[in-house]
file upload_24.pdb (PDB, C-alpha atoms and all ligand atoms)
ATOM      1  CA  GLY A 143     129.404 111.479  32.939
ATOM      2  CA  SER A 144     127.529 109.360  35.416
ATOM      3  CA  ARG A 145     125.250 106.546  34.462
ATOM      4  CA  ALA A 146     122.357 105.340  36.508
ATOM      5  CA  SER A 147     122.448 101.757  37.599
ATOM      6  CA  THR A 148     119.577  99.916  39.157
ATOM      7  CA  ALA A 149     121.955  98.778  41.847
ATOM      8  CA  ALA A 150     121.325  95.252  40.605
ATOM      9  CA  SER A 151     123.927  93.738  42.874
ATOM     10  CA  VAL A 152     122.266  95.323  45.866
ATOM     11  CA  ALA A 153     118.816  94.124  44.863
ATOM     12  CA  GLN A 154     120.119  90.627  44.241
ATOM     13  CA  ALA A 155     121.908  90.460  47.546
ATOM     14  CA  SER A 156     118.723  91.399  49.352
ATOM     15  CA  SER A 157     116.434  88.913  47.643
ATOM     16  CA  GLY A 158     117.399  86.339  50.218
ATOM     17  CA  GLN A 159     117.036  86.694  53.958
ATOM     18  CA  LEU A 160     118.599  90.005  54.976
ATOM     19  CA  ARG A 161     120.868  89.750  57.986
ATOM     20  CA  ILE A 162     121.086  92.892  60.076
ATOM     21  CA  THR A 163     124.468  93.175  61.751
ATOM     22  CA  HIS A 164     124.774  94.985  65.102
ATOM     23  CA  PRO A 165     120.993  95.418  65.498
ATOM     24  CA  GLU A 166     121.237  96.663  69.093
ATOM     25  CA  ARG A 167     123.929  99.257  68.389
ATOM     26  CA  VAL A 168     122.784 102.709  69.532
ATOM     27  CA  ILE A 169     122.935 105.113  66.607
ATOM     28  CA  ASP A 170     121.436 108.180  68.324
ATOM     29  CA  PRO A 171     122.857 108.540  71.844
ATOM     30  CA  SER A 172     120.445 111.421  72.572
ATOM     31  CA  THR A 173     117.451 109.038  72.417
ATOM     32  CA  GLY A 174     118.944 105.545  72.521
ATOM     33  CA  ILE A 175     117.558 104.741  69.070
ATOM     34  CA  THR A 176     119.274 101.618  67.735
ATOM     35  CA  LYS A 177     120.106 100.364  64.284
ATOM     36  CA  ILE A 178     117.226  97.872  64.412
ATOM     37  CA  ASP A 179     114.817 100.726  65.289
ATOM     38  CA  LEU A 180     115.918 102.479  62.103
ATOM     39  CA  VAL A 181     115.654  99.285  60.040
ATOM     40  CA  ARG A 182     112.136  98.682  61.386
ATOM     41  CA  TYR A 183     111.195 102.289  60.646
ATOM     42  CA  TYR A 184     112.179 101.913  56.992
ATOM     43  CA  GLU A 185     110.580  98.504  56.752
ATOM     44  CA  SER A 186     107.254  99.833  58.004
ATOM     45  CA  MET A 187     107.447 103.026  55.928
ATOM     46  CA  ALA A 188     108.673 101.477  52.667
ATOM     47  CA  GLU A 189     105.203 101.572  51.175
ATOM     48  CA  TRP A 190     105.047 105.356  51.734
ATOM     49  CA  LEU A 191     108.688 106.107  50.949
ATOM     50  CA  MET A 192     109.253 104.081  47.773
ATOM     51  CA  PRO A 193     107.029 106.216  45.490
ATOM     52  CA  HIS A 194     109.108 109.257  46.496
ATOM     53  CA  LEU A 195     112.307 107.486  45.492
ATOM     54  CA  GLY A 196     110.865 106.002  42.308
ATOM     55  CA  ARG A 197     113.553 105.974  39.643
ATOM     56  CA  ARG A 198     115.364 108.985  41.050
ATOM     57  CA  PRO A 199     119.088 108.880  41.607
ATOM     58  CA  VAL A 200     119.670 108.906  45.332
ATOM     59  CA  ALA A 201     122.394 110.173  47.617
ATOM     60  CA  ILE A 202     122.629 108.410  50.956
ATOM     61  CA  VAL A 203     124.027 109.622  54.244
ATOM     62  CA  ARG A 204     125.659 106.695  56.012
ATOM     63  CA  ALA A 205     126.441 106.700  59.702
ATOM     64  CA  PRO A 206     128.491 103.548  60.438
ATOM     65  CA  ASP A 207     129.462 104.858  63.886
ATOM     66  CA  GLY A 208     126.098 106.408  64.672
ATOM     67  CA  ILE A 209     124.974 109.962  63.979
ATOM     68  CA  ASP A 210     127.581 111.407  66.350
ATOM     69  CA  GLY A 211     130.331 109.726  64.336
ATOM     70  CA  GLN A 212     131.605 110.598  60.903
ATOM     71  CA  LEU A 213     128.829 110.831  58.292
ATOM     72  CA  PHE A 214     129.395 109.751  54.690
ATOM     73  CA  PHE A 215     127.431 111.531  51.964
ATOM     74  CA  GLN A 216     127.525 109.082  49.088
ATOM     75  CA  LYS A 217     126.233 109.626  45.537
ATOM     76  CA  HIS A 218     127.698 106.574  43.804
ATOM     77  CA  VAL A 219     127.850 102.842  44.383
ATOM     78  CA  GLU A 220     130.741 101.410  42.412
ATOM     79  CA  GLY A 221     132.722 103.683  40.149
ATOM     80  CA  ASP A 222     130.582 106.330  38.508
ATOM     81  CA  ASP A 223     127.230 104.585  38.799
ATOM     82  CA  LEU A 224     124.523 106.640  40.433
ATOM     83  CA  ILE A 225     122.480 104.987  43.136
ATOM     84  CA  VAL A 226     118.883 104.056  42.398
ATOM     85  CA  VAL A 227     116.810 102.183  44.976
ATOM     86  CA  PRO A 228     114.526 100.005  42.845
ATOM     87  CA  ASP A 229     112.483  98.312  45.563
ATOM     88  CA  ALA A 230     111.931  97.839  49.264
ATOM     89  CA  ALA A 231     114.467  94.990  49.393
ATOM     90  CA  ALA A 232     117.200  97.316  48.125
ATOM     91  CA  LEU A 233     116.075  99.938  50.619
ATOM     92  CA  MET A 234     116.548  97.445  53.433
ATOM     93  CA  GLN A 235     119.954  96.458  52.108
ATOM     94  CA  PHE A 236     121.022 100.102  52.285
ATOM     95  CA  THR A 237     119.796 100.375  55.864
ATOM     96  CA  GLN A 238     121.862  97.315  56.712
ATOM     97  CA  MET A 239     124.797  99.286  55.246
ATOM     98  CA  ASN A 240     124.048 102.028  57.796
ATOM     99  CA  ALA A 241     122.287 104.415  55.443
ATOM    100  CA  VAL A 242     120.264 106.821  57.571
ATOM    101  CA  GLU A 243     119.193 109.504  55.096
ATOM    102  CA  PHE A 244     117.965 109.210  51.503
ATOM    103  CA  HIS A 245     118.266 112.304  49.309
ATOM    104  CA  THR A 246     116.890 112.469  45.780
ATOM    105  CA  TRP A 247     117.540 114.249  42.494
ATOM    106  CA  ASN A 248     114.843 116.262  40.734
ATOM    107  CA  ALA A 249     115.026 113.778  37.854
ATOM    108  CA  GLN A 250     114.526 110.127  36.970
ATOM    109  CA  ASP A 251     117.078 107.796  35.499
ATOM    110  CA  ASP A 252     115.525 107.559  32.028
ATOM    111  CA  ARG A 253     115.812 111.345  31.515
ATOM    112  CA  LEU A 254     118.458 112.619  33.915
ATOM    113  CA  ASP A 255     118.770 115.929  32.072
ATOM    114  CA  ARG A 256     115.097 116.845  32.563
ATOM    115  CA  SER A 257     113.772 118.400  35.766
ATOM    116  CA  ASP A 258     110.615 116.767  37.105
ATOM    117  CA  ARG A 259     110.106 119.125  40.064
ATOM    118  CA  VAL A 260     111.304 122.349  41.623
ATOM    119  CA  ILE A 261     112.008 122.510  45.335
ATOM    120  CA  PHE A 262     112.114 125.504  47.640
ATOM    121  CA  ASP A 263     114.089 124.624  50.728
ATOM    122  CA  LEU A 264     113.116 127.186  53.379
ATOM    123  CA  ASP A 265     116.109 127.618  55.666
ATOM    124  CA  PRO A 266     115.421 129.719  58.762
ATOM    125  CA  GLY A 267     118.305 131.786  60.111
ATOM    126  CA  GLU A 268     119.186 132.327  63.737
ATOM    127  CA  GLY A 269     116.296 133.683  65.802
ATOM    128  CA  VAL A 270     113.481 132.887  63.382
ATOM    129  CA  ALA A 271     110.301 131.740  65.133
ATOM    130  CA  TRP A 272     108.451 128.759  63.650
ATOM    131  CA  LYS A 273     105.418 130.960  62.930
ATOM    132  CA  GLN A 274     107.586 132.963  60.533
ATOM    133  CA  VAL A 275     108.704 129.794  58.750
ATOM    134  CA  ALA A 276     105.096 128.702  58.324
ATOM    135  CA  GLU A 277     104.085 132.162  57.044
ATOM    136  CA  ALA A 278     106.984 132.110  54.590
ATOM    137  CA  ALA A 279     105.766 128.785  53.218
ATOM    138  CA  GLY A 280     102.322 130.327  52.664
ATOM    139  CA  ILE A 281     103.880 133.267  50.799
ATOM    140  CA  VAL A 282     105.975 131.035  48.550
ATOM    141  CA  ARG A 283     102.918 128.891  47.893
ATOM    142  CA  ALA A 284     100.854 131.952  46.884
ATOM    143  CA  LEU A 285     103.567 133.271  44.561
ATOM    144  CA  LEU A 286     103.995 129.869  42.918
ATOM    145  CA  ARG A 287     100.260 129.647  42.438
ATOM    146  CA  GLU A 288     100.324 133.021  40.630
ATOM    147  CA  LEU A 289     103.063 131.568  38.452
ATOM    148  CA  GLY A 290     100.872 128.620  37.543
ATOM    149  CA  LEU A 291     102.360 126.050  39.902
ATOM    150  CA  GLN A 292     100.770 123.998  42.651
ATOM    151  CA  ALA A 293     103.183 123.071  45.419
ATOM    152  CA  TRP A 294     103.159 120.439  48.163
ATOM    153  CA  LEU A 295     104.677 120.761  51.593
ATOM    154  CA  LYS A 296     106.838 118.653  53.875
ATOM    155  CA  THR A 297     108.817 119.185  57.023
ATOM    156  CA  SER A 298     112.549 118.758  56.459
ATOM    157  CA  GLY A 299     112.995 116.659  59.594
ATOM    158  CA  GLY A 300     115.465 119.399  60.612
ATOM    159  CA  LYS A 301     114.837 123.105  61.026
ATOM    160  CA  GLY A 302     112.693 124.015  58.072
ATOM    161  CA  LEU A 303     110.155 123.171  55.422
ATOM    162  CA  HIS A 304     110.399 122.054  51.802
ATOM    163  CA  LEU A 305     107.936 123.087  49.078
ATOM    164  CA  VAL A 306     107.810 120.757  46.107
ATOM    165  CA  ALA A 307     106.206 121.589  42.748
ATOM    166  CA  PRO A 308     106.096 118.616  40.351
ATOM    167  CA  LEU A 309     106.807 119.324  36.675
ATOM    168  CA  ASP A 310     106.220 117.691  33.354
ATOM    169  CA  ARG A 311     109.669 116.752  32.121
ATOM    170  CA  ARG A 312     109.923 119.574  29.594
ATOM    171  CA  HIS A 313     112.692 121.760  31.025
ATOM    172  CA  ASP A 314     116.332 121.102  31.844
ATOM    173  CA  HIS A 315     117.856 121.750  35.279
ATOM    174  CA  ALA A 316     119.440 125.032  34.230
ATOM    175  CA  THR A 317     115.977 126.341  33.357
ATOM    176  CA  ALA A 318     114.476 125.077  36.612
ATOM    177  CA  LYS A 319     117.279 126.734  38.556
ATOM    178  CA  ARG A 320     116.929 130.026  36.658
ATOM    179  CA  PHE A 321     113.193 129.969  37.357
ATOM    180  CA  SER A 322     113.610 129.255  41.063
ATOM    181  CA  GLN A 323     116.317 131.888  41.398
ATOM    182  CA  ALA A 324     113.944 134.465  39.875
ATOM    183  CA  VAL A 325     111.227 133.381  42.316
ATOM    184  CA  VAL A 326     113.613 133.911  45.223
ATOM    185  CA  ARG A 327     114.686 137.295  43.863
ATOM    186  CA  HIS A 328     111.048 138.313  43.693
ATOM    187  CA  LEU A 329     110.488 137.152  47.283
ATOM    188  CA  THR A 330     113.506 138.995  48.681
ATOM    189  CA  GLU A 331     112.665 142.205  46.820
ATOM    190  CA  THR A 332     109.035 142.131  47.917
ATOM    191  CA  PHE A 333     109.627 141.019  51.524
ATOM    192  CA  PRO A 334     113.194 142.086  52.383
ATOM    193  CA  LYS A 335     112.555 141.727  56.114
ATOM    194  CA  ARG A 336     111.365 138.140  55.781
ATOM    195  CA  PHE A 337     113.613 136.655  53.133
ATOM    196  CA  SER A 338     117.350 136.797  52.509
ATOM    197  CA  ALA A 339     118.869 136.173  49.086
ATOM    198  CA  LYS A 340     122.200 135.227  50.662
ATOM    199  CA  SER A 341     122.745 131.974  52.490
ATOM    200  CA  GLY A 342     125.517 132.824  54.986
ATOM    201  CA  PRO A 343     124.453 132.695  58.655
ATOM    202  CA  LYS A 344     125.185 136.444  59.030
ATOM    203  CA  HIS A 345     122.836 137.333  56.161
ATOM    204  CA  ARG A 346     119.915 135.364  57.444
ATOM    205  CA  VAL A 347     119.714 136.359  61.104
ATOM    206  CA  GLY A 348     115.984 136.758  61.712
ATOM    207  CA  LYS A 349     115.248 135.853  58.080
ATOM    208  CA  ILE A 350     114.556 132.879  55.883
ATOM    209  CA  PHE A 351     116.820 131.861  53.040
ATOM    210  CA  PRO A 352     114.719 130.190  50.345
ATOM    211  CA  ASP A 353     117.383 127.884  48.966
ATOM    212  CA  TYR A 354     116.869 127.549  45.201
ATOM    213  CA  LEU A 355     120.232 125.789  44.734
ATOM    214  CA  ARG A 356     118.517 122.436  45.334
ATOM    215  CA  ASN A 357     117.305 122.792  41.721
ATOM    216  CA  GLY A 358     120.664 122.589  39.974
ATOM    217  CA  GLU A 359     121.597 119.499  37.963
ATOM    218  CA  GLY A 360     122.681 116.641  40.232
ATOM    219  CA  GLN A 361     121.587 118.462  43.396
ATOM    220  CA  THR A 362     119.648 116.534  46.006
ATOM    221  CA  THR A 363     117.150 117.124  48.788
ATOM    222  CA  ALA A 364     116.195 114.827  51.643
ATOM    223  CA  SER A 365     113.297 112.677  50.473
ATOM    224  CA  ALA A 366     109.870 112.609  52.062
ATOM    225  CA  PHE A 367     109.943 109.940  54.814
ATOM    226  CA  SER A 368     113.728 109.993  55.018
ATOM    227  CA  ALA A 369     115.042 109.906  58.574
ATOM    228  CA  ARG A 370     117.662 112.520  59.459
ATOM    229  CA  ALA A 371     121.056 111.875  61.015
ATOM    230  CA  ARG A 372     120.504 114.494  63.715
ATOM    231  CA  PRO A 373     119.813 114.139  67.442
ATOM    232  CA  GLY A 374     116.218 112.981  67.942
ATOM    233  CA  MET A 375     116.176 111.578  64.408
ATOM    234  CA  GLY A 376     113.582 113.780  62.772
ATOM    235  CA  VAL A 377     111.773 112.552  59.685
ATOM    236  CA  SER A 378     110.875 114.584  56.607
ATOM    237  CA  MET A 379     107.077 114.405  56.728
ATOM    238  CA  PRO A 380     104.655 115.302  53.933
ATOM    239  CA  ILE A 381     101.776 117.373  55.288
ATOM    240  CA  ALA A 382      98.607 118.824  53.845
ATOM    241  CA  TRP A 383      98.485 122.625  53.670
ATOM    242  CA  ASP A 384      95.601 122.746  56.121
ATOM    243  CA  GLU A 385      97.737 120.932  58.688
ATOM    244  CA  LEU A 386     100.437 123.605  58.631
ATOM    245  CA  PRO A 387      98.898 125.824  61.355
ATOM    246  CA  GLU A 388      99.117 122.877  63.786
ATOM    247  CA  VAL A 389     102.730 122.052  62.994
ATOM    248  CA  LYS A 390     105.217 123.293  65.569
ATOM    249  CA  ARG A 391     108.669 122.392  64.250
ATOM    250  CA  GLY A 392     110.553 120.989  61.300
ATOM    251  CA  ASP A 393     111.519 117.962  63.371
ATOM    252  CA  GLN A 394     108.112 117.435  64.924
ATOM    253  CA  TRP A 395     107.897 113.997  63.325
ATOM    254  CA  THR A 396     110.643 111.611  64.222
ATOM    255  CA  LEU A 397     111.502 107.950  64.114
ATOM    256  CA  ALA A 398     109.450 107.659  67.296
ATOM    257  CA  ASN A 399     106.118 109.101  66.107
ATOM    258  CA  ALA A 400     106.082 109.106  62.275
ATOM    259  CA  ARG A 401     104.685 105.598  61.961
ATOM    260  CA  ASP A 402     101.767 106.421  64.257
ATOM    261  CA  ARG A 403     100.904 109.474  62.210
ATOM    262  CA  MET A 404     100.874 107.533  58.957
ATOM    263  CA  SER A 405      98.845 104.656  60.370
ATOM    264  CA  PHE A 406      96.070 107.150  61.197
ATOM    265  CA  GLN A 407      96.157 108.872  57.788
ATOM    266  CA  LYS A 408      93.055 108.062  55.771
ATOM    267  CA  GLN A 409      94.767 109.203  52.599
ATOM    268  CA  ASP A 410      98.140 110.385  51.388
ATOM    269  CA  PRO A 411      98.576 114.034  52.456
ATOM    270  CA  TRP A 412     100.053 114.505  48.960
ATOM    271  CA  ASN A 413      97.254 112.629  47.221
ATOM    272  CA  ASP A 414      96.961 114.953  44.195
ATOM    273  CA  TYR A 415     100.716 115.456  43.848
ATOM    274  CA  TRP A 416     101.053 112.213  41.925
ATOM    275  CA  THR A 417      98.687 113.193  39.128
ATOM    276  CA  CYS A 418      99.468 116.916  38.905
ATOM    277  CA  ARG A 419     100.574 118.031  35.419
ATOM    278  CA  GLN A 420     102.193 121.454  35.146
ATOM    279  CA  THR A 421     105.126 123.263  33.543
ATOM    280  CA  LEU A 422     107.230 126.374  34.100
ATOM    281  CA  THR A 423     106.075 127.998  30.880
ATOM    282  CA  ARG A 424     103.528 130.423  32.316
ATOM    283  CA  GLY A 425     105.708 131.338  35.294
ATOM    284  CA  MET A 426     108.754 131.984  33.100
ATOM    285  CA  LYS A 427     106.740 134.361  30.965
ATOM    286  CA  LEU A 428     105.363 136.216  34.000
ATOM    287  CA  LEU A 429     108.847 136.539  35.492
ATOM    288  CA  GLY A 430     110.205 137.874  32.192
ATOM    289  CA  LEU A 431     112.480 134.864  31.634
TER     290      LEU A 431
HETATM  291  P1  LIG B   1     116.964 121.963  57.400
HETATM  292  O1  LIG B   1     115.494 122.135  57.459
HETATM  293  O2  LIG B   1     117.551 121.824  58.772
HETATM  294  O3  LIG B   1     117.606 123.005  56.556
HETATM  295  P2  LIG B   1     117.582 120.324  55.161
HETATM  296  O4  LIG B   1     117.477 118.903  54.808
HETATM  297  O5  LIG B   1     116.775 121.239  54.300
HETATM  298  O6  LIG B   1     117.193 120.531  56.691
HETATM  299  P3  LIG B   1     119.872 121.815  54.271
HETATM  300  O7  LIG B   1     121.159 122.059  54.966
HETATM  301  O8  LIG B   1     119.008 122.977  53.982
HETATM  302  O9  LIG B   1     119.105 120.692  55.125
HETATM  303  O10 LIG B   1     120.098 121.075  52.905
HETATM  304  C1  LIG B   1     121.281 120.449  52.627
HETATM  305  C2  LIG B   1     121.091 119.803  51.281
HETATM  306  O11 LIG B   1     122.330 119.693  50.642
HETATM  307  C3  LIG B   1     120.535 118.429  51.445
HETATM  308  O12 LIG B   1     119.257 118.423  50.892
HETATM  309  C4  LIG B   1     121.469 117.503  50.685
HETATM  310  O13 LIG B   1     120.785 116.716  49.736
HETATM  311  C5  LIG B   1     122.467 118.420  50.033
HETATM  312  N1  LIG B   1     123.859 118.025  50.215
HETATM  313  C6  LIG B   1     124.801 118.169  49.296
HETATM  314  N2  LIG B   1     125.997 117.723  49.741
HETATM  315  C7  LIG B   1     125.801 117.301  51.021
HETATM  316  C8  LIG B   1     126.656 116.737  52.024
HETATM  317  N3  LIG B   1     127.963 116.512  51.827
HETATM  318  N4  LIG B   1     126.090 116.436  53.224
HETATM  319  C9  LIG B   1     124.799 116.663  53.467
HETATM  320  N5  LIG B   1     123.956 117.194  52.558
HETATM  321  C10 LIG B   1     124.436 117.511  51.343
HETATM  322 MN    MN B   2     116.830 123.286  54.470
HETATM  323 MN    MN B   3     119.438 124.486  52.397
END

call {"tool": "encode", "arguments": {"input": "upload_24.pdb", "output": "structure tokens"}}
result
Amino acid sequence: GSRASTAASVAQASSGQLRITHPERVIDPSTGITKIDLVRYYESMAEWLMPHLGRRPVAIVRAPDGIDGQLFFQKHVEGDDLIVVPDAAALMQFTQMNAVEFHTWNAQDDRLDRSDRVIFDLDPGEGVAWKQVAEAAGIVRALLRELGLQAWLKTSGGKGLHLVAPLDRRHDHATAKRFSQAVVRHLTETFPKRFSAKSGPKHRVGKIFPDYLRNGEGQTTASAFSARARPGMGVSMPIAWDELPEVKRGDQWTLANARDRMSFQKQDPWNDYWTCRQTLTRGMKLLGL
């Protein structure tokens, strides 16, 4: 099996002055965003991003030839070692290595087998208006609340939204996945016109696929504040629930405007997320699991 390393070599290498190669290289031809723009984005957002990485194993999406070139989804550094980004210096070293996206496990490296959050990745099918995506998030939130779970919200930086419910590390990933699958079954049975239980593009025309597969062991989801390797370079942005009615798109925040938003935030839109203590126990019982 895989072990988690603290990417010591990476951290060490970055303790000195970090040299950014090809700073002026355009990585997003649709906007002209360059490598140094991305590096500066991560540098200025490190304070917000690092707590979301924490001690989670990370998968990175590297784009050495820009986001129009081949993308490399990478879960290991050398050999079998999982990637952990211990500090801002290591983060910057990864950006120098053309990492654009940072995806995280629902676990931390001292207890990889335990789930510390469940994620509902709301994937809109063809022809779904944003209003429907926002309504779906409200429905999932209400159901989770009935099941004893508070959930926090972020844009994906792409097409959809992610709901995140933190967990005490009591359950394994199989349990978290079984729970989230039952939640999705309940949603699709109750609102068959809104939600699809099947992911294929044909099945979700006009509907939303609440993707529970993000909760399996070793599965990853784009982290809050990760940039996305897509035209326009959206950013996955944590938002407060009362902001949702004003949000227009999953890629509303981008490399160009995310920093401004955060510099005007008086407090973390996920302020209470960090201290929330909850488990799946009540929800499992209510769902007959
Ligand atoms: P959107 O809102 O557009 O759906 P998203 O980040 O939710 O954006 P998805 O396609 O729903 O995108 O999710 C893909 C998930 O699959 C990512 O969270 C990622 O961590 C995971 N994943 C697994 N393997 C890969 C891979 N080879 N390339 C990209 N993502 C991968
Ligand atoms: Mn998605
Ligand atoms: Mn998905």

call {"tool": "closest_residue", "arguments": {"input": "upload_24.pdb", "among": "A:Arg370, A:Arg259, A:Arg320, A:Arg312", "to": "Leu291 in chain A", "atoms": "all atoms listed in the file"}}
result
A:Arg259

call {"tool": "residues_near_ligand", "arguments": {"input": "upload_24.pdb", "ligand": "ligand MN 3 (chain B)", "cutoff": "9 Å", "atoms": "all atoms listed in the file", "output": "MDAnalysis selection string"}}
result
chainID A and resid 262:265 302 341 351:356 363

call {"tool": "atom_distance", "arguments": {"input": "upload_24.pdb", "atom1": "CA of Gly221 in chain A", "atom2": "CA of Phe236 in chain A"}}
result
17.2 Å

call {"tool": "residues_around", "arguments": {"input": "upload_24.pdb", "residues": "Phe321 in chain A", "least_positions_apart": "4", "cutoff": "12 Å", "atoms": "only C-alpha atoms", "output": "PyMOL selection string"}}
result
chain A and resi 257+259-262+286+289+291+313-317+325-328+354-355+357-358+421-431

call {"tool": "write_last_selection", "arguments": {"input": "upload_24.pdb", "atoms": "C-alpha atoms", "output": "short mmCIF file (atom, residue, chain, number, x, y, z; two decimals), in the frame of the given file"}}
result
data_model
loop_
_atom_site.label_atom_id
_atom_site.label_comp_id
_atom_site.auth_asym_id
_atom_site.auth_seq_id
_atom_site.Cartn_x
_atom_site.Cartn_y
_atom_site.Cartn_z
CA SER A 257 113.77 118.40 35.77
CA ARG A 259 110.11 119.12 40.06
CA VAL A 260 111.30 122.35 41.62
CA ILE A 261 112.01 122.51 45.34
CA PHE A 262 112.11 125.50 47.64
CA LEU A 286 104.00 129.87 42.92
CA LEU A 289 103.06 131.57 38.45
CA LEU A 291 102.36 126.05 39.90
CA HIS A 313 112.69 121.76 31.02
CA ASP A 314 116.33 121.10 31.84
CA HIS A 315 117.86 121.75 35.28
CA ALA A 316 119.44 125.03 34.23
CA THR A 317 115.98 126.34 33.36
CA VAL A 325 111.23 133.38 42.32
CA VAL A 326 113.61 133.91 45.22
CA ARG A 327 114.69 137.29 43.86
CA HIS A 328 111.05 138.31 43.69
CA TYR A 354 116.87 127.55 45.20
CA LEU A 355 120.23 125.79 44.73
CA ASN A 357 117.30 122.79 41.72
CA GLY A 358 120.66 122.59 39.97
CA THR A 421 105.13 123.26 33.54
CA LEU A 422 107.23 126.37 34.10
CA THR A 423 106.08 128.00 30.88
CA ARG A 424 103.53 130.42 32.32
CA GLY A 425 105.71 131.34 35.29
CA MET A 426 108.75 131.98 33.10
CA LYS A 427 106.74 134.36 30.96
CA LEU A 428 105.36 136.22 34.00
CA LEU A 429 108.85 136.54 35.49
CA GLY A 430 110.20 137.87 32.19
CA LEU A 431 112.48 134.86 31.63
#

call {"tool": "resolve_selection", "arguments": {"input": "upload_24.pdb", "expression": "the PyMOL selection byres (((chain A and resi 179-187) around 8) and not hetatm)", "output": "count of residues only"}}
result
17

call {"tool": "residues_near_ligand", "arguments": {"input": "upload_24.pdb", "ligand": "ligand LIG 1 (chain B)", "cutoff": "8 Å", "atoms": "only C-alpha atoms and all ligand atoms", "output": "list in words"}}
result
Ala201, Val203, Phe214, Phe215, Gln216, His245, Thr246, Asp263, Leu264, Asp265, Pro266, Thr297, Ser298, Gly299, Gly300, Lys301, Gly302, Leu303, His304, Asp353, Arg356, Gln361, Thr362, Thr363, Ala364, Arg370 and Gly392 of chain A

call {"tool": "atom_distance", "arguments": {"input": "upload_24.pdb", "atom1": "CA of Met379 in chain A", "atom2": "CA of Arg403 in chain A"}}
result
9.6 Å

call {"tool": "resolve_selection", "arguments": {"input": "upload_24.pdb", "expression": "the PyMOL selection byres (((chain A and resi 273-282) around 8) and not hetatm)", "output": "list in words"}}
result
Leu264, Pro266, Val270, Ala271, Trp272, Arg283, Ala284, Leu285, Leu286, Gly302, Leu303, Leu305, Leu329, Arg336, Ile350, Leu386 and Pro387 of chain A

call {"tool": "decode", "arguments": {"input": "upload_24.pdb", "residues": "range 354-366 of chain A", "atoms": "N, CA and C atoms", "output": "PDB file, in the first residue's frame"}}
result
ATOM      1  N   TYR A 354     -21.388  10.892  -5.473  1.00  0.00           N
ATOM      2  CA  TYR A 354     -20.969  10.435  -4.140  1.00  0.00           C
ATOM      3  C   TYR A 354     -19.643   9.673  -4.215  1.00  0.00           C
ATOM      4  N   LEU A 355     -19.188   9.394  -5.448  1.00  0.00           N
ATOM      5  CA  LEU A 355     -17.972   8.574  -5.616  1.00  0.00           C
ATOM      6  C   LEU A 355     -16.718   9.266  -5.097  1.00  0.00           C
ATOM      7  N   ARG A 356     -16.792  10.575  -4.899  1.00  0.00           N
ATOM      8  CA  ARG A 356     -15.671  11.319  -4.305  1.00  0.00           C
ATOM      9  C   ARG A 356     -15.346  10.813  -2.900  1.00  0.00           C
ATOM     10  N   ASN A 357     -16.273  10.004  -2.311  1.00  0.00           N
ATOM     11  CA  ASN A 357     -16.088   9.584  -0.918  1.00  0.00           C
ATOM     12  C   ASN A 357     -15.435   8.221  -0.757  1.00  0.00           C
ATOM     13  N   GLY A 358     -15.066   7.588  -1.844  1.00  0.00           N
ATOM     14  CA  GLY A 358     -14.370   6.307  -1.746  1.00  0.00           C
ATOM     15  C   GLY A 358     -12.941   6.499  -1.259  1.00  0.00           C
ATOM     16  N   GLU A 359     -12.351   5.429  -0.744  1.00  0.00           N
ATOM     17  CA  GLU A 359     -10.966   5.494  -0.258  1.00  0.00           C
ATOM     18  C   GLU A 359     -10.018   5.918  -1.381  1.00  0.00           C
ATOM     19  N   GLY A 360      -9.168   6.906  -1.096  1.00  0.00           N
ATOM     20  CA  GLY A 360      -8.178   7.337  -2.080  1.00  0.00           C
ATOM     21  C   GLY A 360      -8.736   8.251  -3.160  1.00  0.00           C
ATOM     22  N   GLN A 361     -10.036   8.567  -3.096  1.00  0.00           N
ATOM     23  CA  GLN A 361     -10.616   9.483  -4.072  1.00  0.00           C
ATOM     24  C   GLN A 361     -10.301  10.922  -3.674  1.00  0.00           C
ATOM     25  N   THR A 362     -10.292  11.792  -4.657  1.00  0.00           N
ATOM     26  CA  THR A 362      -9.920  13.186  -4.383  1.00  0.00           C
ATOM     27  C   THR A 362     -10.943  14.149  -4.963  1.00  0.00           C
ATOM     28  N   THR A 363     -10.932  15.352  -4.421  1.00  0.00           N
ATOM     29  CA  THR A 363     -11.758  16.446  -4.950  1.00  0.00           C
ATOM     30  C   THR A 363     -10.897  17.702  -4.950  1.00  0.00           C
ATOM     31  N   ALA A 364     -11.100  18.542  -5.935  1.00  0.00           N
ATOM     32  CA  ALA A 364     -10.359  19.804  -6.003  1.00  0.00           C
ATOM     33  C   ALA A 364     -10.528  20.567  -4.689  1.00  0.00           C
ATOM     34  N   SER A 365      -9.423  21.000  -4.145  1.00  0.00           N
ATOM     35  CA  SER A 365      -9.434  21.706  -2.855  1.00  0.00           C
ATOM     36  C   SER A 365     -10.013  23.109  -2.982  1.00  0.00           C
ATOM     37  N   ALA A 366     -10.584  23.602  -1.890  1.00  0.00           N
ATOM     38  CA  ALA A 366     -10.915  25.023  -1.814  1.00  0.00           C
ATOM     39  C   ALA A 366      -9.659  25.834  -2.131  1.00  0.00           C
TER      40      ALA A 366
END
